[in-house]
Structures are given as structure tokens and as C-alpha cells.
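data_3.cif (mmCIF, C-alpha atoms and all ligand atoms)
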```cif
data_query
#
loop_
_atom_site.label_atom_id
_atom_site.label_comp_id
_atom_site.auth_asym_id
_atom_site.auth_seq_id
_atom_site.Cartn_x
_atom_site.Cartn_y
_atom_site.Cartn_z
CA MET A 1 0.00 0.00 0.00
CA LEU A 2 1.31 3.47 -0.93
CA THR A 3 -0.01 6.53 0.90
CA ILE A 4 -0.05 9.69 -1.21
CA ALA A 5 -0.86 13.20 0.11
CA LEU A 6 -2.68 15.36 -2.43
CA PRO A 7 -3.34 19.11 -2.13
CA LYS A 8 -7.08 19.90 -2.04
CA GLY A 9 -8.31 21.48 -5.25
CA ARG A 10 -7.09 21.75 -8.79
CA ILE A 11 -3.83 19.81 -8.41
CA ALA A 12 -5.48 16.84 -6.65
CA LYS A 13 -8.04 16.56 -9.41
CA ASP A 14 -5.44 16.69 -12.19
CA THR A 15 -3.19 14.21 -10.37
CA LEU A 16 -6.01 11.71 -9.86
CA ASP A 17 -6.76 12.03 -13.56
CA LYS A 18 -3.17 10.91 -14.33
CA PHE A 19 -3.49 8.01 -11.86
CA GLU A 20 -6.78 6.95 -13.48
CA LYS A 21 -5.06 6.76 -16.85
CA ALA A 22 -1.97 5.03 -15.47
CA PHE A 23 -3.81 2.36 -13.46
CA ASP A 24 -7.11 2.09 -15.33
CA GLU A 25 -9.15 2.72 -12.16
CA GLU A 26 -11.52 5.47 -11.09
CA PHE A 27 -10.19 7.59 -8.22
CA VAL A 28 -12.71 10.02 -6.73
CA PHE A 29 -12.89 11.29 -3.13
CA GLU A 30 -16.38 10.67 -1.71
CA ASP A 31 -18.13 13.85 -0.60
CA ARG A 32 -16.22 15.16 2.46
CA LYS A 33 -14.01 12.11 3.02
CA LEU A 34 -10.33 12.82 3.47
CA ILE A 35 -9.07 9.32 2.66
CA LEU A 36 -9.61 7.43 -0.56
CA GLU A 37 -8.40 3.84 -0.51
CA LYS A 38 -8.38 1.86 -3.72
CA ALA A 39 -6.22 -0.42 -5.87
CA GLY A 40 -3.27 -0.43 -3.46
CA PHE A 41 -3.28 3.34 -2.92
CA ARG A 42 -4.38 5.46 0.00
CA PHE A 43 -4.84 9.07 -1.11
CA LEU A 44 -5.01 11.76 1.57
CA ASN A 45 -6.83 15.04 0.92
CA VAL A 46 -4.73 17.70 2.70
CA ARG A 47 -4.12 21.43 2.45
CA ASN A 48 -1.60 22.49 -0.15
CA GLN A 49 0.99 23.77 2.30
CA ASP A 50 0.61 20.72 4.56
CA VAL A 51 1.61 18.19 1.89
CA PRO A 52 5.38 18.31 2.61
CA THR A 53 4.68 17.97 6.35
CA TYR A 54 2.73 14.71 5.88
CA VAL A 55 5.48 13.34 3.65
CA MET A 56 8.42 14.45 5.79
CA HIS A 57 6.95 12.87 8.92
CA GLY A 58 6.23 9.64 7.04
CA ALA A 59 2.44 9.88 7.42
CA ALA A 60 2.44 9.72 3.63
CA ASP A 61 5.04 7.92 1.47
CA LEU A 62 4.53 10.29 -1.42
CA GLY A 63 2.97 13.69 -2.03
CA VAL A 64 2.15 16.10 -4.79
CA VAL A 65 3.01 19.74 -4.32
CA GLY A 66 4.04 22.86 -6.24
CA LEU A 67 7.69 23.90 -6.33
CA ASP A 68 6.62 27.25 -4.88
CA VAL A 69 5.55 25.49 -1.67
CA LEU A 70 8.79 23.48 -1.48
CA GLU A 71 10.83 26.68 -1.89
CA GLU A 72 9.12 28.29 1.09
CA LYS A 73 10.72 25.96 3.66
CA GLU A 74 13.63 23.57 3.82
CA TYR A 75 12.26 20.04 3.59
CA ASP A 76 14.32 16.87 3.71
CA LEU A 77 12.49 15.07 0.90
CA ILE A 78 13.12 13.45 -2.45
CA LYS A 79 11.80 15.16 -5.59
CA LEU A 80 10.79 12.28 -7.85
CA LEU A 81 9.05 13.69 -10.87
CA ASP A 82 7.75 16.91 -12.44
CA LEU A 83 4.06 16.19 -13.05
CA GLN A 84 3.85 19.14 -15.45
CA LEU A 85 0.60 20.35 -13.94
CA GLY A 86 -0.33 23.29 -11.75
CA ARG A 87 2.00 25.39 -13.86
CA CYS A 88 2.31 28.96 -12.69
CA LYS A 89 4.94 31.50 -11.77
CA VAL A 90 5.70 33.49 -8.65
CA ALA A 91 5.92 37.11 -9.78
CA PHE A 92 5.59 40.69 -8.67
CA GLY A 93 2.29 42.48 -9.00
CA LEU A 94 2.48 46.26 -9.34
CA ILE A 95 -0.12 48.97 -9.59
CA LYS A 96 -0.68 49.63 -13.30
CA GLY A 97 1.82 52.11 -14.66
CA GLN A 98 4.18 51.76 -11.70
CA GLU A 99 7.57 50.05 -11.69
CA LEU A 100 9.55 48.44 -8.91
CA ASP A 101 11.41 51.43 -7.47
CA MET A 102 14.77 49.93 -6.63
CA THR A 103 16.03 53.28 -5.33
CA LYS A 104 13.45 53.43 -2.54
CA SER A 105 15.02 53.02 0.89
CA LYS A 106 12.56 50.27 1.78
CA ILE A 107 9.88 48.45 -0.21
CA THR A 108 6.83 46.92 1.44
CA VAL A 109 5.72 43.67 -0.15
CA ALA A 110 2.59 41.69 0.69
CA THR A 111 2.78 37.97 -0.04
CA LYS A 112 1.96 34.41 0.92
CA HIS A 113 5.48 33.48 -0.28
CA GLU A 114 7.55 35.20 2.41
CA LYS A 115 10.79 33.32 1.96
CA ILE A 116 10.83 33.50 -1.84
CA ALA A 117 10.22 37.26 -1.71
CA LYS A 118 12.79 37.79 1.03
CA ARG A 119 15.47 35.89 -0.87
CA TYR A 120 14.86 38.02 -3.98
CA PHE A 121 15.56 41.22 -2.06
CA GLU A 122 18.51 39.74 -0.15
CA GLU A 123 20.18 38.83 -3.44
CA LYS A 124 19.78 42.44 -4.55
CA ALA A 125 20.97 43.71 -1.14
CA MET A 126 17.77 45.74 -0.79
CA ALA A 127 15.78 46.47 2.34
CA VAL A 128 12.28 45.04 2.37
CA ASP A 129 9.33 44.81 4.71
CA ILE A 130 7.39 41.62 4.10
CA ILE A 131 3.74 41.52 5.13
CA LYS A 132 2.49 37.95 5.34
CA LEU A 133 -0.99 37.36 3.93
CA TYR A 134 -2.91 34.13 3.42
CA GLY A 135 -5.05 35.00 0.38
CA SER A 136 -6.57 37.77 -1.77
CA ILE A 137 -3.04 39.14 -2.04
CA GLU A 138 -3.94 41.43 -4.97
CA LEU A 139 -5.92 43.63 -2.58
CA ALA A 140 -2.90 44.83 -0.60
CA PRO A 141 -1.50 47.54 -2.94
CA LEU A 142 -5.02 48.78 -3.71
CA VAL A 143 -5.61 49.77 -0.09
CA ASN A 144 -2.01 50.88 0.63
CA LEU A 145 -1.16 47.91 2.78
CA ALA A 146 1.91 47.37 0.60
CA ASP A 147 3.77 48.95 -2.35
CA CYS A 148 3.48 45.75 -4.36
CA ILE A 149 2.83 42.03 -4.06
CA VAL A 150 4.60 38.77 -4.81
CA ASP A 151 2.05 36.17 -5.80
CA ILE A 152 1.19 33.26 -8.04
CA VAL A 153 0.30 34.15 -11.60
CA GLU A 154 -1.29 31.66 -13.91
CA THR A 155 -3.34 33.53 -16.53
CA GLY A 156 -2.73 37.00 -15.06
CA ALA A 157 -6.50 37.61 -14.96
CA THR A 158 -6.72 38.26 -11.21
CA MET A 159 -4.04 40.94 -11.32
CA LYS A 160 -5.53 42.55 -14.44
CA GLN A 161 -9.05 42.67 -13.03
CA ASN A 162 -7.70 44.38 -9.94
CA GLY A 163 -5.75 47.06 -11.77
CA LEU A 164 -2.36 45.42 -11.28
CA GLU A 165 0.32 44.54 -13.80
CA VAL A 166 2.50 41.47 -13.73
CA GLY A 167 6.06 42.51 -12.87
CA PRO A 168 9.32 40.52 -12.84
CA THR A 169 9.10 36.74 -12.39
CA ILE A 170 10.96 35.28 -9.43
CA MET A 171 10.42 31.59 -10.19
CA GLU A 172 8.43 29.16 -12.32
CA SER A 173 6.47 26.44 -10.56
CA SER A 174 4.74 23.17 -11.38
CA ALA A 175 3.50 20.29 -9.24
CA HIS A 176 6.08 17.65 -8.33
CA LEU A 177 5.77 14.13 -6.98
CA ILE A 178 7.81 14.01 -3.77
CA ALA A 179 8.83 11.08 -1.56
CA ASN A 180 9.66 10.47 2.07
CA LYS A 181 13.31 9.35 2.21
CA ASN A 182 12.73 6.18 4.24
CA ALA A 183 9.70 5.17 2.19
CA TYR A 184 11.71 5.74 -0.98
CA TYR A 185 14.24 3.10 0.06
CA ALA A 186 11.80 0.70 1.77
CA LYS A 187 9.28 0.75 -1.10
CA LYS A 188 11.67 1.42 -3.97
CA ASP A 189 10.20 -1.14 -6.41
CA VAL A 190 6.59 -0.07 -6.08
CA ILE A 191 7.54 3.63 -6.17
CA PHE A 192 9.64 3.12 -9.31
CA ASP A 193 6.82 1.22 -10.97
CA LEU A 194 4.42 4.07 -10.18
CA LYS A 195 6.88 6.68 -11.44
CA GLU A 196 7.31 4.84 -14.75
CA LYS A 197 3.55 4.47 -15.26
CA ILE A 198 2.89 8.15 -14.54
CA GLU A 199 5.78 9.19 -16.80
CA ALA A 200 4.23 7.16 -19.62
CA VAL A 201 0.88 8.95 -19.13
CA LEU A 202 2.64 12.34 -19.14
CA GLN A 203 4.24 11.48 -22.47
CA TRP A 204 0.90 10.59 -24.11
CA ASP A 205 -1.03 13.57 -22.69
N1 LIG B 301 -3.88 29.99 -10.60
C1 LIG B 301 -3.30 29.41 -9.57
N2 LIG B 301 -3.49 29.90 -8.37
C2 LIG B 301 -2.95 29.34 -7.30
N3 LIG B 301 -2.14 28.28 -7.32
C3 LIG B 301 -1.89 27.76 -8.48
C4 LIG B 301 -2.44 28.29 -9.65
N4 LIG B 301 -1.98 27.56 -10.64
C5 LIG B 301 -1.22 26.64 -10.10
N5 LIG B 301 -1.14 26.74 -8.77
C6 LIG B 301 -0.41 25.85 -7.84
O1 LIG B 301 -1.39 25.27 -6.99
C7 LIG B 301 -0.97 25.29 -5.64
C8 LIG B 301 -2.21 25.29 -4.77
O2 LIG B 301 -2.86 26.49 -4.88
P1 LIG B 301 -4.09 26.86 -3.95
O3 LIG B 301 -4.40 28.28 -4.24
O4 LIG B 301 -5.13 25.82 -4.08
O5 LIG B 301 -3.46 26.67 -2.53
P2 LIG B 301 -3.22 27.64 -1.35
O6 LIG B 301 -4.34 28.62 -1.28
O7 LIG B 301 -1.80 28.15 -1.41
O8 LIG B 301 -3.25 26.56 -0.22
P3 LIG B 301 -3.87 26.51 1.21
O9 LIG B 301 -4.99 25.56 1.07
O10 LIG B 301 -2.78 25.96 2.07
O11 LIG B 301 -4.27 27.92 1.54
C9 LIG B 301 -0.04 26.48 -5.55
O12 LIG B 301 0.90 26.34 -4.52
C10 LIG B 301 0.64 26.48 -6.92
O13 LIG B 301 1.75 25.60 -6.90
O1 LIG B 302 -3.18 34.48 -12.77
P1 LIG B 302 -4.51 33.90 -12.41
O2 LIG B 302 -4.94 32.84 -13.37
O3 LIG B 302 -5.57 34.94 -12.21
O4 LIG B 302 -4.33 33.10 -11.03
C1 LIG B 302 -3.68 33.66 -9.92
C2 LIG B 302 -4.57 33.77 -8.74
O5 LIG B 302 -4.91 32.48 -8.24
C3 LIG B 302 -4.46 32.34 -6.88
O6 LIG B 302 -5.44 32.64 -5.97
P2 LIG B 302 -6.48 31.57 -5.42
O7 LIG B 302 -7.60 31.42 -6.37
O8 LIG B 302 -5.77 30.29 -5.07
O9 LIG B 302 -6.98 32.30 -4.13
P3 LIG B 302 -6.20 32.91 -2.89
O10 LIG B 302 -6.27 34.41 -3.11
O11 LIG B 302 -7.00 32.48 -1.72
O12 LIG B 302 -4.78 32.40 -2.86
C4 LIG B 302 -3.32 33.36 -6.77
O13 LIG B 302 -3.08 33.73 -5.43
C5 LIG B 302 -3.84 34.49 -7.62
O14 LIG B 302 -4.71 35.32 -6.89
#
```
Could the structure of this file be written out as C-alpha cells, please?
Ligand SMILES: Nc1ncnc2c1ncn2[C@@H]1O[C@H](COP(=O)(O)OP(=O)(O)OP(=O)(O)O)[C@@H](O)[C@H]1O
Ligand SMILES: O=P(O)(O)OC[C@H]1O[C@H](OP(=O)(O)OP(=O)(O)O)[C@H](O)[C@@H]1O
Amino acid sequence: MLTIALPKGRIAKDTLDKFEKAFDEEFVFEDRKLILEKAGFRFLNVRNQDVPTYVMHGAADLGVVGLDVLEEKEYDLIKLLDLQLGRCKVAFGLIKGQELDMTKSKITVATKHEKIAKRYFEEKAMAVDIIKLYGSIELAPLVNLADCIVDIVETGATMKQNGLEVGPTIMESSAHLIANKNAYYAKKDVIFDLKEKIEAVLQWD
């Protein structure tokens, strides 16, 4: 049995779709159930940012999570495979017509991605005030909570509809299959078999 932590929402759905194709089974979470057990798999429905925690502690052998989440903390995990889904970038959002003023003595940035934003400014040796938010990030510059934001951009529609422009990209992200180190060695054969089957599906799709 392999236990796999999936992030609630779009990525879980797309991942289960790949598993359905790879194993010729139907995988659907029932209503509000958080565990789906079928065909030798136990899928766990967890919050996006909690996926690495379940995997690192061994409560799940494998997990699926965006690179942006992995970059936010240091996790001792194995990155097995780029699932090529949940593609997005982490980028600046600026009020339309404004640019990042690198000469300002201190920039205030609102973001869910504190560490990624902080590293960007450290590398440029610039002072920054990071304001941690948990959602609706685009609102912050509109009400003067921050000069700009660092957030996920997929289509750019959310920024555009809120009068923001997409600024410089800090990193590209896509969902990756990750493994707990001990599980990776203890269940190597079954994990390799799964990886090969999913890779084959990714090539056809
Ligand atoms: N348009 C998008 N918006 C947000 N995330 C996206 C998008 N496209 C791809 N992703 C990826 O999906 C992941 C999950 O995004 P989602 O917004 O569901 O989670 P979250 O709000 O960060 O999680 P949590 O449930 O912990 O609050 C992101 O970390 C990112 O890797
Ligand atoms: O470029 P787009 O295609 O418009 O997608 C990007 C938006 O999607 C995410 O928000 P989400 O819907 O996850 O809500 P959140 O504000 O709670 O994070 C992200 O934080 C952006 O707001």
C-alpha cells in the first residue's frame, strides 16, 4: 500500500486524472471524506501547504506539491518527478503604470510566499518589509497595505481585473511528486513502478 498526500483542489483533481489513466481505475474522493483507498493506494486530501509535512513525517510515502511550496521551507524530501501540472509563476504584481522602485530606501511587499520574496531582495541587497498574507493578495496595494505584491500568476486575470500589472518573475512552478526518504528506500520497487507508469501517461497527454 502506498499513501499519497494530495493538495485539495485543482492539483489533486489533475493528479487523480493521471493516476486513473496510469492504473485504469476510477479515483474520486467521496463527498467530504479525506481518505480514498483503492487499488493499493491510500490518497489523503490535505491542504496544499501541509503536503510536505505529511510526507516528511512519514504519514504519507509520497505527495504532490508545487515547487513554490517546497521553496518556502527547507524540507528533507526526495523530488521524484515533475508532473507538469499546476504550472504557474511566482511574480511581482504592481499597480498599473508603476515600476519596482529599486532606489526606494525600503519596499513593502505583501505575499503568501515570504521566503521566496525575502530571498529576492537579499540577493539584490535591498531592504524590504514583508507583510504575510494568506489569500486575496492582490488587494494589498489597492488599499495601501503594501507597495506591491509577490504572488502566483497563472493567466494573469486576477491581477488585471484588480488594476495590477504582472512585474518581474521570481520563479516558475509546477507540481512535483515528492517522496519520504525512508519510504523511498523501503518501497523502492513499487515507487519506481508508479513513477514509470505516470511518466508514460505524461508522455501521451
Ligand atoms: N492559478 C493558480 N493559483 C494558485 N495556485 C496555483 C495556480 N496555478 C497553479 N497553482 C499551484 O497550486 C498550488 C495550490 O494552490 P491553492 O491556491 O489551491 O493553494 P493555497 O491557497 O496556497 O493553499 P492553502 O490551502 O494551504 O491555503 C499552488 O501552490 C501552486 O503551486
Ligand atoms: O493568474 P490567475 O490565473 O488569475 O491566477 C492567480 C490567482 O490564483 C491564486 O489565488 P487563489 O484562487 O488560489 O486564491 P487565494 O487568493 O486564496 O490564494 C493566486 O493567489 C492568484 O490570486
Q: Go through A:Asp24, A:Met102, A:Ile116, A:Ile95 and flag the residue nearest A:Val143, using all atoms listed in the file for the distances.
A: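 Ranked by minimum distance to A:Val143, first place goes to A:Ile95.
Candidate residues A:Leu94, A:Leu77, A:Leu142, A:Ile152 were compared for distance to ligand LIG 301 (chain B), and the nearest is A:Ile152, using all atoms listed in the file.
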Q.
What does the list of residues within 7 Å of ligand LIG 302 (chain B) look like if you count only C-alpha atoms and all ligand atoms, written as a ChimeraX atom specification?
A. /A:134-138,151-159
Q. Near A:Lys181, within 8 Å and counting all atoms listed in the file, which residues show up once chain neighbours fewer than 5 positions away are dropped, as a list in words?
A.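 So, after excluding close chain neighbours, the residues are Met56, Asp76, Leu77 and Ile78 of chain A.
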Q: Please identify the residues whose atoms come within 10 Å of ligand LIG 301 (chain B), using only C-alpha atoms and all ligand atoms, and report them as a PyMOL selection string.
A: chain A and resi 7-12+46-51+64-70+85-90+112-113+134-136+151-158+172-176
Q) Can you tell me how far atom CA of A:Lys18 sits from atom CA of A:Leu44, in Å to one decimal? A)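 Computing it gives 16.0 Å between the two atoms.
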(Q) Between atom CA of A:Ala22 and atom CA of A:Gln84, what is the distance in Å, rounded to a tenth? (A)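 The value is 15.3 Å.
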Q) Smallest atom-to-atom distance to A:Ala5: which of A:Val109, A:Ala140, A:Ala117, A:Ala179, using all atoms listed in the file? A)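 Comparing A:Val109, A:Ala140, A:Ala117, A:Ala179 against A:Ala5, the winner is A:Ala179.
Distance check against A:Ala125 using all atoms listed in the file: of A:Ser105, A:Gly40, A:Asn144, A:Leu139, the minimum falls on A:Ser105.
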Q.
What's the separation between atom CA of A:Leu164 and atom CA of A:Ala127, in Å to one decimal place?
A.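 Between atom CA of A:Leu164 and atom CA of A:Ala127 the gap works out to 22.7 Å.
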Name all residues at most 10 Å from A:Asp101 (count all atoms listed in the file; drop same-chain ones fewer than 5 positions away) and give them as a compact mmCIF listing (two decimals) with C-alpha atoms, in the coordinates of the input.
```txt
# COMPACT_ATOMS: atom_id res chain seq x y z
CA LYS A 106 12.56 50.27 1.78
CA ILE A 107 9.88 48.45 -0.21
CA ASP A 147 3.77 48.95 -2.35
```
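For the residues A:Val55, A:Ile131, A:Val166, A:Leu62, ranking by smallest atom-to-atom distance to A:Phe92 using all atoms listed in the file places A:Val166 first.
Residues surrounding A:Lys132 within 7 Å are Ala110, Thr111, Lys112 and Glu114 of chain A [only C-alpha atoms; sequence separation below 5 positions excluded].
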(Q) I'd like the neighbourhood of A:Gly58 as a VMD selection string, where a residue qualifies if any of its atoms comes within 9 Å (using only C-alpha atoms), though same-chain residues fewer than 5 positions away should be ignored. (A) chain A and resid 53 180 to 183
Q. Restricting the calculation to all atoms listed in the file, which member of A:Lys33, A:Lys38, A:Lys160, A:Lys79 is positioned closest to A:Tyr184?
A.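 Nearest to A:Tyr184: A:Lys79.
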Using the file's own x, y and z axes, what box holds all listed atoms of stretch 31-40 of chain A with 6 Å on each side, keeping edges along x, y and z, and what are its centre and edge lengths in Å to one decimal, as JSON?
```
{"center_x": -10.7, "center_y": 7.4, "center_z": -1.2, "size_x": 26.9, "size_y": 27.6, "size_z": 21.3}
```
Where atoms are lacking, stretch 84-115 of chain A completed to N, CA and C atoms, as a short mmCIF file (atom, residue, chain, number, x, y, z; two decimals), keeping the file's coordinate frame:
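Below is the file result-v3.cif, written as the result:
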```
data_model
loop_
_atom_site.label_atom_id
_atom_site.label_comp_id
_atom_site.auth_asym_id
_atom_site.auth_seq_id
_atom_site.Cartn_x
_atom_site.Cartn_y
_atom_site.Cartn_z
N GLN A 84 4.20 18.20 -14.37
CA GLN A 84 3.85 19.14 -15.45
C GLN A 84 2.41 19.64 -15.35
N LEU A 85 1.92 19.74 -14.12
CA LEU A 85 0.60 20.35 -13.94
C LEU A 85 0.70 21.40 -12.84
N GLY A 86 -0.38 22.19 -12.72
CA GLY A 86 -0.33 23.29 -11.75
C GLY A 86 0.76 24.29 -12.11
N ARG A 87 0.96 24.46 -13.42
CA ARG A 87 2.00 25.39 -13.86
C ARG A 87 1.61 26.84 -13.56
N CYS A 88 2.54 27.55 -12.99
CA CYS A 88 2.31 28.96 -12.69
C CYS A 88 3.67 29.59 -12.41
N LYS A 89 3.68 30.89 -12.18
CA LYS A 89 4.94 31.50 -11.77
C LYS A 89 4.71 32.33 -10.52
N VAL A 90 5.77 32.58 -9.79
CA VAL A 90 5.70 33.49 -8.65
C VAL A 90 6.30 34.80 -9.16
N ALA A 91 5.48 35.85 -9.16
CA ALA A 91 5.92 37.11 -9.78
C ALA A 91 5.45 38.31 -8.97
N PHE A 92 6.03 39.45 -9.30
CA PHE A 92 5.59 40.69 -8.67
C PHE A 92 4.28 41.16 -9.29
N GLY A 93 3.48 41.81 -8.51
CA GLY A 93 2.29 42.48 -9.00
C GLY A 93 2.42 43.94 -8.60
N LEU A 94 2.28 44.82 -9.60
CA LEU A 94 2.48 46.26 -9.34
C LEU A 94 1.25 47.02 -9.80
N ILE A 95 0.98 48.12 -9.14
CA ILE A 95 -0.12 48.97 -9.59
C ILE A 95 0.18 49.41 -11.02
N LYS A 96 -0.85 49.32 -11.88
CA LYS A 96 -0.68 49.63 -13.30
C LYS A 96 0.05 50.95 -13.52
N GLY A 97 1.07 50.90 -14.36
CA GLY A 97 1.82 52.11 -14.66
C GLY A 97 3.01 52.35 -13.74
N GLN A 98 3.05 51.60 -12.63
CA GLN A 98 4.18 51.76 -11.70
C GLN A 98 5.25 50.70 -11.97
N GLU A 99 6.49 51.03 -11.57
CA GLU A 99 7.57 50.05 -11.69
C GLU A 99 8.14 49.79 -10.31
N LEU A 100 8.89 48.70 -10.18
CA LEU A 100 9.55 48.44 -8.91
C LEU A 100 10.61 49.52 -8.71
N ASP A 101 10.46 50.35 -7.69
CA ASP A 101 11.41 51.43 -7.47
C ASP A 101 12.57 50.93 -6.62
N MET A 102 13.62 50.52 -7.32
CA MET A 102 14.77 49.93 -6.63
C MET A 102 15.59 50.96 -5.85
N THR A 103 15.26 52.25 -6.04
CA THR A 103 16.03 53.28 -5.33
C THR A 103 15.38 53.64 -3.99
N LYS A 104 14.17 53.14 -3.79
CA LYS A 104 13.45 53.43 -2.54
C LYS A 104 14.21 52.85 -1.35
N SER A 105 14.22 53.54 -0.22
CA SER A 105 15.02 53.02 0.89
C SER A 105 14.45 51.71 1.43
N LYS A 106 13.15 51.55 1.36
CA LYS A 106 12.56 50.27 1.78
C LYS A 106 11.26 50.03 1.03
N ILE A 107 11.11 48.80 0.51
CA ILE A 107 9.88 48.45 -0.21
C ILE A 107 9.03 47.55 0.68
N THR A 108 7.73 47.79 0.67
CA THR A 108 6.83 46.92 1.44
C THR A 108 6.12 45.98 0.47
N VAL A 109 6.26 44.69 0.74
CA VAL A 109 5.72 43.67 -0.15
C VAL A 109 4.75 42.78 0.61
N ALA A 110 3.54 42.63 0.08
CA ALA A 110 2.59 41.69 0.69
C ALA A 110 2.64 40.38 -0.09
N THR A 111 2.66 39.27 0.63
CA THR A 111 2.78 37.97 -0.04
C THR A 111 2.44 36.81 0.87
N LYS A 112 2.10 35.68 0.22
CA LYS A 112 1.96 34.41 0.92
C LYS A 112 3.32 33.71 0.91
N HIS A 113 4.17 34.14 -0.06
CA HIS A 113 5.48 33.48 -0.28
C HIS A 113 6.60 34.32 0.34
N GLU A 114 6.61 34.34 1.67
CA GLU A 114 7.55 35.20 2.41
C GLU A 114 9.02 34.94 2.09
N LYS A 115 9.37 33.66 2.09
CA LYS A 115 10.79 33.32 1.96
C LYS A 115 11.29 33.61 0.54
#
```
